[in-house]
>>> print(open('run-v7.txt').read())   # compact mmCIF, C-alpha atoms
# COMPACT_ATOMS: atom_id res chain seq x y z
CA MET L 11 -51.00 16.61 16.43
CA ARG L 12 -53.59 19.27 15.66
CA VAL L 13 -54.47 22.50 17.41
CA LYS L 14 -57.59 20.84 18.86
CA ASP L 15 -55.37 18.33 20.71
CA LEU L 16 -53.57 21.19 22.42
CA MET L 17 -56.32 23.69 23.16
CA ASP L 18 -58.08 24.35 26.44
CA THR L 19 -61.84 24.08 25.92
CA LYS L 20 -62.68 25.68 29.27
CA PHE L 21 -62.09 29.34 28.59
CA LEU L 22 -63.49 32.62 29.78
CA LYS L 23 -66.38 34.01 27.72
CA ILE L 24 -66.62 37.79 27.53
CA TYR L 25 -69.39 39.59 25.60
CA PRO L 26 -69.29 43.06 23.94
CA ASP L 27 -71.86 44.52 26.37
CA TYR L 28 -69.91 43.57 29.50
CA THR L 29 -68.41 46.54 31.34
CA ALA L 30 -64.66 46.88 31.78
CA LYS L 31 -65.18 46.45 35.53
CA LYS L 32 -66.97 43.10 35.19
CA THR L 33 -64.38 41.87 32.68
CA ILE L 34 -61.44 42.85 34.88
CA GLU L 35 -62.96 41.01 37.83
CA LEU L 36 -63.56 37.87 35.74
CA MET L 37 -60.07 37.94 34.26
CA TYR L 38 -58.52 38.49 37.69
CA LYS L 39 -60.47 35.57 39.14
CA LYS L 40 -59.53 33.25 36.25
CA LYS L 41 -55.93 34.57 36.07
CA ARG L 42 -56.17 35.52 32.41
CA TYR L 43 -53.96 38.11 30.71
CA SER L 44 -56.03 38.21 27.54
CA THR L 45 -59.38 36.86 26.47
CA ALA L 46 -61.73 36.45 23.53
CA VAL L 47 -64.88 38.54 23.08
CA LEU L 48 -67.79 36.54 21.62
CA ASP L 49 -71.21 37.27 20.17
CA GLU L 50 -74.33 35.38 21.27
CA GLU L 51 -73.47 32.54 18.83
CA ASP L 52 -69.95 32.14 20.31
CA LYS L 53 -68.41 33.69 17.22
CA LEU L 54 -65.23 35.71 17.74
CA VAL L 55 -65.81 39.48 17.59
CA GLY L 56 -62.85 40.90 19.52
CA TRP L 57 -59.90 40.45 21.84
CA VAL L 58 -59.13 42.15 25.15
CA MET L 59 -55.85 42.28 27.05
CA SER L 60 -55.49 43.15 30.73
CA ILE L 61 -53.14 46.02 29.87
CA ASP L 62 -55.89 47.56 27.66
CA LEU L 63 -58.20 47.42 30.65
CA ALA L 64 -55.55 48.97 32.91
CA LEU L 65 -55.18 51.89 30.49
CA ILE L 66 -58.80 53.10 30.58
CA ASP L 67 -60.07 55.50 33.24
CA ASP L 68 -63.81 54.88 33.07
CA LYS L 69 -64.51 51.29 34.12
CA SER L 70 -68.19 51.51 33.21
CA LYS L 71 -67.06 51.52 29.57
CA LYS L 72 -68.36 48.64 27.47
CA ILE L 73 -65.96 46.00 26.16
CA LYS L 74 -67.05 46.74 22.56
CA GLU L 75 -65.47 50.19 22.95
CA ILE L 76 -62.16 48.75 24.22
CA MET L 77 -61.65 45.46 22.39
CA HIS L 78 -59.27 44.91 19.49
CA PRO L 79 -61.17 44.30 16.23
CA LEU L 80 -61.21 40.97 14.41
CA ASN L 81 -58.54 41.96 11.86
CA GLU L 82 -55.96 42.51 14.63
CA ILE L 83 -56.44 39.10 16.28
CA ILE L 84 -54.09 36.16 15.77
CA ILE L 85 -56.32 33.09 15.31
CA LEU L 86 -55.98 29.36 14.78
CA HIS L 87 -58.33 26.80 13.28
CA GLU L 88 -59.01 23.65 15.30
CA ASN L 89 -57.65 21.48 12.46
CA ASP L 90 -54.44 23.46 11.94
CA PRO L 91 -51.28 21.46 12.71
CA ALA L 92 -50.07 22.04 16.28
CA ARG L 93 -46.84 23.42 14.82
CA ASP L 94 -48.77 26.46 13.54
CA ALA L 95 -49.67 27.32 17.15
CA VAL L 96 -45.98 27.22 18.10
CA ILE L 97 -44.99 29.36 15.11
CA LYS L 98 -47.67 31.98 15.82
CA ILE L 99 -46.88 32.18 19.55
CA VAL L 100 -43.17 32.66 18.85
CA GLU L 101 -43.71 35.12 16.00
CA HIS L 102 -46.31 37.32 17.67
CA LYS L 103 -45.12 36.84 21.29
CA VAL L 104 -48.67 36.26 22.51
CA THR L 105 -49.65 34.19 25.54
CA SER L 106 -52.82 32.67 24.08
CA ILE L 107 -54.61 32.31 20.75
CA PRO L 108 -58.35 31.69 20.18
CA VAL L 109 -59.24 28.57 18.19
CA LEU L 110 -62.13 28.61 15.70
CA ASN L 111 -64.11 25.79 14.10
CA ASN L 112 -65.52 25.71 10.55
CA GLU L 113 -68.48 27.86 11.58
CA GLY L 114 -66.20 30.56 13.00
CA LYS L 115 -67.19 29.73 16.58
CA VAL L 116 -64.56 29.88 19.32
CA VAL L 117 -64.08 26.30 20.54
CA GLY L 118 -60.95 26.70 22.64
CA MET L 119 -57.84 28.60 23.52
CA VAL L 120 -54.23 27.60 22.92
CA ARG L 121 -52.02 28.80 25.75
CA ASN L 122 -48.28 29.25 25.68
CA CYS L 123 -47.84 27.38 28.99
CA ASP L 124 -49.63 24.32 27.56
CA ILE L 125 -47.44 24.45 24.46
CA THR L 126 -44.32 24.65 26.64
CA LYS L 127 -45.54 21.61 28.58
CA THR L 128 -46.14 19.62 25.37
CA LEU L 129 -42.81 20.60 23.77
CA ALA L 130 -40.88 19.90 26.98
CA LYS L 131 -42.13 16.29 27.25
CA LEU L 132 -39.75 15.16 24.51
CA TYR L 133 -36.76 16.57 26.39
CA ASP L 134 -37.67 14.61 29.52
CA ILE L 135 -37.58 11.13 27.94
CA PRO L 136 -34.90 9.07 29.75
CA VAL L 137 -31.89 8.17 27.59
CA TYR L 138 -32.06 4.79 29.33
CA ASN L 139 -35.30 4.07 27.40
CA LEU L 140 -33.53 4.69 24.10
CA PHE L 141 -30.78 2.23 24.99
CA LYS L 142 -33.41 -0.35 25.98
CA ILE L 143 -34.88 0.01 22.48
CA PHE L 144 -31.39 -0.29 21.07
CA GLU L 145 -30.96 -3.59 22.96
CA ARG L 146 -34.36 -4.86 21.80
CA GLU L 147 -33.95 -3.91 18.12
CA LEU L 148 -30.29 -4.74 17.63
CA LYS L 149 -30.60 -8.48 17.13
CA GLY L 150 -28.07 -10.63 18.96
CA ILE L 151 -26.44 -7.83 20.96
CA THR L 152 -26.75 -8.02 24.76
CA TRP L 153 -27.24 -5.10 27.16
CA ASP L 154 -23.72 -5.54 28.53
CA GLU L 155 -22.19 -5.49 25.05
CA LEU L 156 -24.10 -2.29 24.33
CA MET L 157 -22.84 -0.63 27.52
CA GLU L 158 -19.28 -1.72 26.73
CA ALA L 159 -19.56 -0.23 23.24
CA ALA L 160 -20.98 2.98 24.74
CA ALA L 161 -18.02 3.22 27.13
CA VAL L 162 -15.62 2.72 24.20
CA VAL L 163 -17.31 5.46 22.15
CA THR L 164 -17.32 7.83 25.13
CA LYS L 165 -13.58 7.28 25.58
CA HIS L 166 -13.02 7.88 21.86
CA THR L 167 -15.01 11.10 21.69
CA THR L 168 -14.38 12.74 25.08
CA GLY L 169 -11.19 11.00 26.27
CA GLU L 170 -13.03 10.12 29.49
CA ASP L 171 -12.10 6.71 30.93
CA ILE L 172 -15.53 5.35 31.85
CA SER L 173 -16.47 1.71 32.54
CA ALA L 174 -19.56 0.01 31.12
CA LYS L 175 -21.10 -0.08 34.63
CA GLU L 176 -20.45 3.63 35.16
CA TYR L 177 -21.98 4.40 31.77
CA GLU L 178 -25.09 2.43 32.67
CA LYS L 179 -25.40 4.29 35.97
CA ARG L 180 -25.03 7.61 34.19
CA ILE L 181 -27.79 7.05 31.66
CA GLU L 182 -30.19 5.97 34.41
CA ASN L 183 -30.45 9.61 35.43
CA THR L 184 -30.02 11.36 32.10
CA THR L 185 -32.84 12.82 30.05
CA PHE L 186 -32.85 13.19 26.27
CA GLY L 187 -32.61 16.97 26.76
CA GLN L 188 -29.52 16.68 28.97
CA ALA L 189 -27.92 14.25 26.52
CA LEU L 190 -28.52 16.64 23.60
CA TRP L 191 -26.96 19.46 25.58
CA ALA L 192 -23.96 17.30 26.57
CA CYS L 193 -23.38 16.08 22.98
CA GLY L 194 -23.97 19.43 21.30
CA GLY L 195 -27.29 18.76 19.59
CA LEU L 196 -29.48 16.09 18.03
CA GLU L 197 -27.20 15.38 15.08
CA LYS L 198 -24.18 14.70 17.31
CA PHE L 199 -26.22 12.65 19.77
CA PHE L 200 -27.50 10.58 16.88
CA ALA L 201 -24.00 10.13 15.40
CA GLY L 202 -22.84 8.84 18.81
CA LEU L 203 -25.64 6.27 18.93
CA ILE L 204 -24.78 4.98 15.46
CA LYS L 205 -21.13 4.60 16.50
CA ILE L 206 -22.19 2.66 19.61
CA GLY L 207 -24.31 0.30 17.49
CA GLU L 208 -21.52 -0.24 14.98
CA ILE L 209 -18.91 -0.94 17.66
CA ALA L 210 -21.24 -3.33 19.52
CA ILE L 211 -21.75 -5.27 16.27
CA ALA L 212 -18.04 -5.21 15.35
CA ARG L 213 -17.04 -6.50 18.82
CA ARG L 214 -19.67 -9.22 18.65
CA VAL L 215 -18.47 -10.31 15.18
CA ALA L 216 -14.85 -10.37 16.43
CA LYS L 217 -15.89 -12.50 19.43
CA VAL L 218 -17.75 -15.04 17.27
CA ARG L 219 -14.73 -15.41 14.99
CA MET G 19 -27.84 25.43 28.89
CA ARG G 20 -28.33 27.75 31.84
CA VAL G 21 -31.01 30.33 32.60
CA LYS G 22 -28.57 33.11 31.63
CA ASP G 23 -28.39 31.67 28.08
CA LEU G 24 -32.16 32.02 27.76
CA MET G 25 -32.93 35.29 29.52
CA ASP G 26 -33.65 38.68 27.98
CA THR G 27 -31.33 41.25 29.51
CA LYS G 28 -33.28 44.22 28.14
CA PHE G 29 -36.22 44.40 30.51
CA LEU G 30 -38.47 47.08 31.87
CA LYS G 31 -37.36 48.58 35.21
CA ILE G 32 -40.14 49.72 37.51
CA TYR G 33 -39.47 51.32 40.92
CA PRO G 34 -41.66 51.31 44.07
CA ASP G 35 -42.31 55.08 43.90
CA TYR G 36 -43.63 55.01 40.34
CA THR G 37 -47.36 55.67 40.06
CA ALA G 38 -49.72 53.06 38.65
CA LYS G 39 -50.40 55.44 35.74
CA LYS G 40 -46.72 55.73 34.76
CA THR G 41 -46.24 51.95 35.10
CA ILE G 42 -49.29 51.15 32.97
CA GLU G 43 -48.06 53.47 30.23
CA LEU G 44 -44.56 51.92 30.28
CA MET G 45 -45.94 48.35 30.26
CA TYR G 46 -48.33 49.19 27.42
CA LYS G 47 -45.51 50.71 25.37
CA LYS G 48 -43.21 47.74 25.96
CA LYS G 49 -46.04 45.17 25.59
CA ARG G 50 -45.42 43.60 29.00
CA TYR G 51 -48.01 41.62 30.97
CA SER G 52 -45.97 41.54 34.15
CA THR G 53 -42.80 43.20 35.34
CA ALA G 54 -40.26 43.29 38.16
CA VAL G 55 -40.12 46.10 40.73
CA LEU G 56 -36.54 47.01 41.71
CA ASP G 57 -34.85 49.12 44.38
CA GLU G 58 -32.10 51.64 43.55
CA GLU G 59 -29.50 48.80 43.54
CA ASP G 60 -31.52 46.77 41.00
CA LYS G 61 -32.49 44.27 43.69
CA LEU G 62 -35.89 42.64 43.34
CA VAL G 63 -38.50 44.05 45.73
CA GLY G 64 -41.81 43.21 44.06
CA TRP G 65 -43.77 42.04 41.05
CA VAL G 66 -46.62 43.73 39.19
CA MET G 67 -49.08 42.25 36.71
CA SER G 68 -51.19 44.24 34.27
CA ILE G 69 -54.37 42.74 35.71
CA ASP G 70 -53.42 44.10 39.20
CA LEU G 71 -53.11 47.52 37.61
CA ALA G 72 -56.46 47.12 35.85
CA LEU G 73 -58.14 46.33 39.18
CA ILE G 74 -57.24 49.55 41.01
CA ASP G 75 -59.37 52.69 40.74
CA ASP G 76 -56.89 55.36 41.80
CA LYS G 77 -54.06 55.51 39.27
CA SER G 78 -52.01 57.94 41.34
CA LYS G 79 -51.37 55.04 43.73
CA LYS G 80 -47.72 54.09 44.16
CA ILE G 81 -46.45 50.74 42.88
CA LYS G 82 -45.25 49.80 46.40
CA GLU G 83 -48.91 49.75 47.47
CA ILE G 84 -49.92 47.46 44.59
CA MET G 85 -46.97 45.11 43.96
CA HIS G 86 -46.80 41.48 45.07
CA PRO G 87 -44.24 41.00 47.85
CA LEU G 88 -40.98 39.08 47.40
CA ASN G 89 -42.28 35.86 48.98
CA GLU G 90 -44.98 35.54 46.30
CA ILE G 91 -42.61 35.88 43.33
CA ILE G 92 -41.36 32.92 41.29
CA ILE G 93 -37.64 33.56 40.70
CA LEU G 94 -34.71 31.96 38.91
CA HIS G 95 -30.97 32.26 39.45
CA GLU G 96 -28.83 33.03 36.39
CA ASN G 97 -26.87 29.78 36.88
CA ASP G 98 -29.92 27.53 37.28
CA PRO G 99 -30.24 24.93 34.52
CA ALA G 100 -32.53 26.11 31.70
CA ARG G 101 -34.78 23.16 32.48
CA ASP G 102 -35.76 24.81 35.79
CA ALA G 103 -37.18 27.74 33.82
CA VAL G 104 -39.34 25.35 31.81
CA ILE G 105 -40.52 23.50 34.93
CA LYS G 106 -41.44 26.75 36.74
CA ILE G 107 -43.27 28.24 33.75
CA VAL G 108 -45.33 25.08 33.29
CA GLU G 109 -46.01 24.60 37.01
CA HIS G 110 -46.95 28.19 37.84
CA LYS G 111 -48.42 29.12 34.44
CA VAL G 112 -46.54 32.43 34.38
CA THR G 113 -45.44 34.29 31.26
CA SER G 114 -42.10 35.56 32.60
CA ILE G 115 -39.77 35.01 35.54
CA PRO G 116 -37.15 37.46 36.91
CA VAL G 117 -33.56 36.18 36.98
CA LEU G 118 -31.25 37.08 39.88
CA ASN G 119 -27.47 36.97 40.22
CA ASN G 120 -25.48 36.08 43.35
CA GLU G 121 -25.99 39.56 44.79
CA GLY G 122 -29.76 39.34 44.42
CA LYS G 123 -29.79 41.85 41.56
CA VAL G 124 -32.19 41.35 38.68
CA VAL G 125 -30.06 40.66 35.60
CA GLY G 126 -32.71 39.47 33.15
CA MET G 127 -36.12 38.04 32.49
CA VAL G 128 -37.01 34.61 31.16
CA ARG G 129 -40.06 34.79 28.94
CA ASN G 130 -42.32 31.92 27.95
CA CYS G 131 -42.22 32.89 24.25
CA ASP G 132 -38.40 32.66 24.25
CA ILE G 133 -38.59 29.25 25.94
CA THR G 134 -41.10 28.07 23.33
CA LYS G 135 -38.75 29.26 20.60
CA THR G 136 -35.79 27.39 22.13
CA LEU G 137 -37.74 24.17 22.74
CA ALA G 138 -39.28 24.25 19.26
CA LYS G 139 -35.90 24.38 17.48
CA LEU G 140 -35.33 20.67 18.11
CA TYR G 141 -38.63 19.79 16.44
CA ASP G 142 -37.69 21.72 13.31
CA ILE G 143 -34.50 19.79 12.53
CA PRO G 144 -34.93 18.15 9.09
CA VAL G 145 -35.08 14.34 9.17
CA TYR G 146 -32.95 14.52 6.03
CA ASN G 147 -30.02 15.75 8.20
CA LEU G 148 -30.30 12.69 10.41
CA PHE G 149 -30.14 10.37 7.41
CA LYS G 150 -27.09 12.26 6.12
CA ILE G 151 -25.39 11.53 9.46
CA PHE G 152 -26.53 7.94 9.16
CA GLU G 153 -24.80 7.74 5.75
CA ARG G 154 -21.65 9.40 7.06
CA GLU G 155 -21.35 7.27 10.22
CA LEU G 156 -22.43 3.89 8.86
CA LYS G 157 -19.22 2.83 7.25
CA GLY G 158 -19.51 1.28 3.80
CA ILE G 159 -23.23 1.93 3.31
CA THR G 160 -24.22 4.23 0.44
CA TRP G 161 -27.05 6.78 0.44
CA ASP G 162 -29.03 4.69 -2.05
CA GLU G 163 -28.68 1.56 0.09
CA LEU G 164 -29.92 3.55 3.07
CA MET G 165 -32.97 4.82 1.16
CA GLU G 166 -33.73 1.29 -0.07
CA ALA G 167 -33.53 -0.05 3.49
CA ALA G 168 -35.81 2.80 4.67
CA ALA G 169 -38.37 1.92 1.97
CA VAL G 170 -38.25 -1.75 3.08
CA VAL G 171 -38.78 -0.83 6.75
CA THR G 172 -41.63 1.53 5.83
CA LYS G 173 -43.33 -1.27 3.92
CA HIS G 174 -42.82 -3.66 6.86
CA THR G 175 -44.23 -1.30 9.48
CA THR G 176 -46.98 0.58 7.64
CA GLY G 177 -47.73 -1.72 4.66
CA GLU G 178 -47.18 1.27 2.37
CA ASP G 179 -45.50 0.41 -0.94
CA ILE G 180 -42.96 3.21 -1.24
CA SER G 181 -39.86 3.34 -3.47
CA ALA G 182 -36.41 4.46 -2.30
CA LYS G 183 -36.74 7.61 -4.46
CA GLU G 184 -40.15 8.42 -2.98
CA TYR G 185 -38.78 7.93 0.52
CA GLU G 186 -35.92 10.32 -0.22
CA LYS G 187 -38.34 12.91 -1.54
CA ARG G 188 -40.52 12.56 1.53
CA ILE G 189 -37.75 13.13 4.08
CA GLU G 190 -36.59 16.24 2.23
CA ASN G 191 -39.64 18.03 3.58
CA THR G 192 -40.07 16.29 6.92
CA THR G 193 -39.03 17.75 10.25
CA PHE G 194 -38.02 15.73 13.30
CA GLY G 195 -41.26 16.86 14.98
CA GLN G 196 -43.41 15.62 12.09
CA ALA G 197 -41.51 12.32 12.03
CA LEU G 198 -42.04 11.81 15.77
CA TRP G 199 -45.74 12.48 15.34
CA ALA G 200 -45.98 10.10 12.35
CA CYS G 201 -44.10 7.30 14.17
CA GLY G 202 -45.83 7.73 17.52
CA GLY G 203 -42.98 9.18 19.56
CA LEU G 204 -39.22 9.28 19.99
CA GLU G 205 -38.84 5.64 21.02
CA LYS G 206 -40.66 4.36 17.93
CA PHE G 207 -38.83 6.77 15.63
CA PHE G 208 -35.56 5.56 17.08
CA ALA G 209 -36.55 1.86 16.74
CA GLY G 210 -37.34 2.54 13.06
CA LEU G 211 -33.91 4.06 12.47
CA ILE G 212 -32.17 1.07 14.06
CA LYS G 213 -34.15 -1.28 11.81
CA ILE G 214 -33.15 0.77 8.75
CA GLY G 215 -29.47 0.56 9.75
CA GLU G 216 -29.67 -3.17 10.35
CA ILE G 217 -31.41 -3.89 7.06
CA ALA G 218 -28.97 -1.70 5.13
CA ILE G 219 -26.08 -3.67 6.66
CA ALA G 220 -27.76 -7.06 6.09
CA ARG G 221 -28.47 -6.25 2.42
CA ARG G 222 -24.91 -5.05 1.91
CA VAL G 223 -23.52 -8.24 3.50
CA ALA G 224 -25.81 -10.39 1.29
CA LYS G 225 -24.63 -8.46 -1.81
CA VAL G 226 -20.93 -8.94 -0.97
CA ARG G 227 -21.47 -12.67 -0.52
>>> encode(input="run-v7.txt", output="structure tokens")
Amino acid sequence: MRVKDLMDTKFLKIYPDYTAKKTIELMYKKKRYSTAVLDEEDKLVGWVMSIDLALIDDKSKKIKEIMHPLNEIIILHENDPARDAVIKIVEHKVTSIPVLNNEGKVVGMVRNCDITKTLAKLYDIPVYNLFKIFERELKGITWDELMEAAAVVTKHTTGEDISAKEYEKRIENTTFGQALWACGGLEKFFAGLIKIGEIAIARRVAKVR
Amino acid sequence: MRVKDLMDTKFLKIYPDYTAKKTIELMYKKKRYSTAVLDEEDKLVGWVMSIDLALIDDKSKKIKEIMHPLNEIIILHENDPARDAVIKIVEHKVTSIPVLNNEGKVVGMVRNCDITKTLAKLYDIPVYNLFKIFERELKGITWDELMEAAAVVTKHTTGEDISAKEYEKRIENTTFGQALWACGGLEKFFAGLIKIGEIAIARRVAKVR
């Protein structure tokens, strides 16, 4: 995933000759905390935050007198990996970052709320889906055998006496994020899955013999 | 994980009798876009955003005349699951949410940048770690056998002719997030791992025979 897959291409355009008053009204209407200042070719020339606009007394002041200069602005290129957007947002604690193309034109804005939405999707994947893949990929093992193995592993690791049916019911309403939290992280969740696969295979082999 | 595990307990305290001028200066100093307004018992009474402060002309105005009332504020309880913070930030596109305790006192602030940081940690786990767990949990399979199986599966799925050594080198610098992106999501990544485990076992069984 690249920055261009994450960015919002409908963003507010503010120009250096706008007054503070006009800019505040536009930002208020669009619910923006910070915004890019562009020249007539859409190239980035500055950055304005709502708190900068709150600070000034004379609202007839031009944006070019208030804006942060280019060298103070955190930027992204549209072809940067999406991970760079995450790193910059976390490091600089900003809410949005302007995205430039090869010509230096602003082509979009990466917003923290959109990043949160994208990152959070992974956590919301149902654990049930992962077990369905387990069933499909693990040749010769049935769904019931998998649930029985899962119940055995749960009893081993937590001491909880859970039946295969109860385990199945539980994973119907569990997300990947909840499972990670319950297991104590990705590595432990993953170790549990491997154990379940091994036990399902071992029980199947024992049955066949 | 609960909201209290995520929240920042060092937050700016603004009171209804503060002037807009004083509040703007404090928010500018602390780099805050929005902040909670509290009464003398630290109970939440309002919410102020920097853009609201930019809009007003008379900076001697009191915060109580400017702040958003209680019924307009998105709030969290300290014992809410952390996931609720993510859902509210994405849904309402806010940058921070005040956190209340049972007495209605503000005890912290959940910020979008902290949520991004927490969510992003999962993506940064090295794939190498997962294979090390694979080796540890999959009884009787060596690291080299695992890498050979991974090279076989890679060739099967992508057509790429990669050696076990090359595969090992590749996963040394690959994060879970990059692997998900390369595979096309968690389900496909997981299916690939199961195939690797199965092939490692099958090759080991064939060798023993």
>>> atom_distance(input="run-v7.txt", atom1="atom CA of L:Cys123", atom2="atom CA of G:Ile107")
6.7 Å
>>> residues_around(input="run-v7.txt", residues="stretch 196-198 of chain L", least_positions_apart="4", cutoff="9 Å", atoms="only C-alpha atoms", output="MDAnalysis selection string")
(chainID L and resid 189:191 202:203) or (chainID G and resid 140 143 147:148 151)
>>> closest_residue(input="run-v7.txt", among="G:Tyr51, G:Tyr185, G:Tyr36, G:Tyr46", to="G:Ile81", atoms="only C-alpha atoms")
G:Tyr36
>>> residues_around(input="run-v7.txt", residues="G:Met67", least_positions_apart="4", cutoff="10 Å", atoms="only C-alpha atoms", output="list in words")
Tyr43, Ser60 and Ile61 of chain L; Ile42, Met45, Arg50, Tyr51, Ser52, Thr53, Ala54, Leu71, Ala72, Ile84, Met85 and His86 of chain G
>>> closest_residue(input="run-v7.txt", among="L:His166, L:Lys115, L:Lys69, L:Arg214", to="chain G", atoms="only C-alpha atoms")
L:Lys69
>>> axis_aligned_box(input="run-v7.txt", around="stretch 87-102 of chain L", padding_each_side="3 Å", output="JSON")
{"center_x": -51.1, "center_y": 29.4, "center_z": 15.7, "size_x": 21.8, "size_y": 21.9, "size_z": 13.6}
>>> residues_around(input="run-v7.txt", residues="L:Asp134", least_positions_apart="5", cutoff="12 Å", atoms="all atoms listed in the file", output="list in words")
Lys127, Thr128, Leu129, Asn139, Asn183, Thr184, Thr185, Phe186, Gly187, Gln188, Ala189 and Leu190 of chain L; Arg101, Val104, Ile105, Leu137 and Leu204 of chain G
>>> closest_residue(input="run-v7.txt", among="G:Asn119, G:Ala138, G:Lys79, G:Leu24", to="G:Lys40", atoms="all atoms listed in the file")
G:Lys79
>>> atom_distance(input="run-v7.txt", atom1="atom CA of L:Lys53", atom2="atom CA of L:Ile24")
11.2 Å
>>> atom_distance(input="run-v7.txt", atom1="atom CA of L:Arg12", atom2="atom CA of L:Asp90")
5.7 Å
>>> residues_around(input="run-v7.txt", residues="G:Val125", least_positions_apart="4", cutoff="12 Å", atoms="all atoms listed in the file", output="list of chain:residue names")
G:Val21, G:Lys22, G:Asp23, G:Leu24, G:Met25, G:Asp26, G:Thr27, G:Lys28, G:Phe29, G:Leu30, G:Lys31, G:Ala54, G:Leu56, G:Glu59, G:Asp60, G:Lys61, G:Leu62, G:Ile93, G:Leu94, G:His95, G:Glu96, G:Asn97, G:Ile115, G:Pro116, G:Val117, G:Leu118, G:Asn119, G:Asn120, G:Glu121
>>> closest_residue(input="run-v7.txt", among="G:Pro99, G:Val63, G:Ala38, G:Lys225", to="G:Asp75", atoms="only C-alpha atoms")
G:Ala38
>>> residues_near_point(input="run-v7.txt", point="(-23.3, 2.7, 14.2)", cutoff="12 Å", atoms="only C-alpha atoms", output="VMD selection string")
(chain L and resid 144 148 156 159 to 160 163 199 to 212) or (chain G and resid 151 to 159 211 to 216 218 to 219)
>>> closest_residue(input="run-v7.txt", among="G:Ser114, G:Lys47, G:Ile180, G:Val145", to="G:Gly126", atoms="only C-alpha atoms")
G:Ser114
>>> closest_residue(input="run-v7.txt", among="L:Glu155, L:Asp68, L:Asp171, L:Glu50", to="chain G", atoms="only C-alpha atoms")
L:Asp68
>>> residues_around(input="run-v7.txt", residues="G:Tyr146", least_positions_apart="4", cutoff="7 Å", atoms="only C-alpha atoms", output="JSON, numbers by chain")
{"G": [150, 189, 190]}
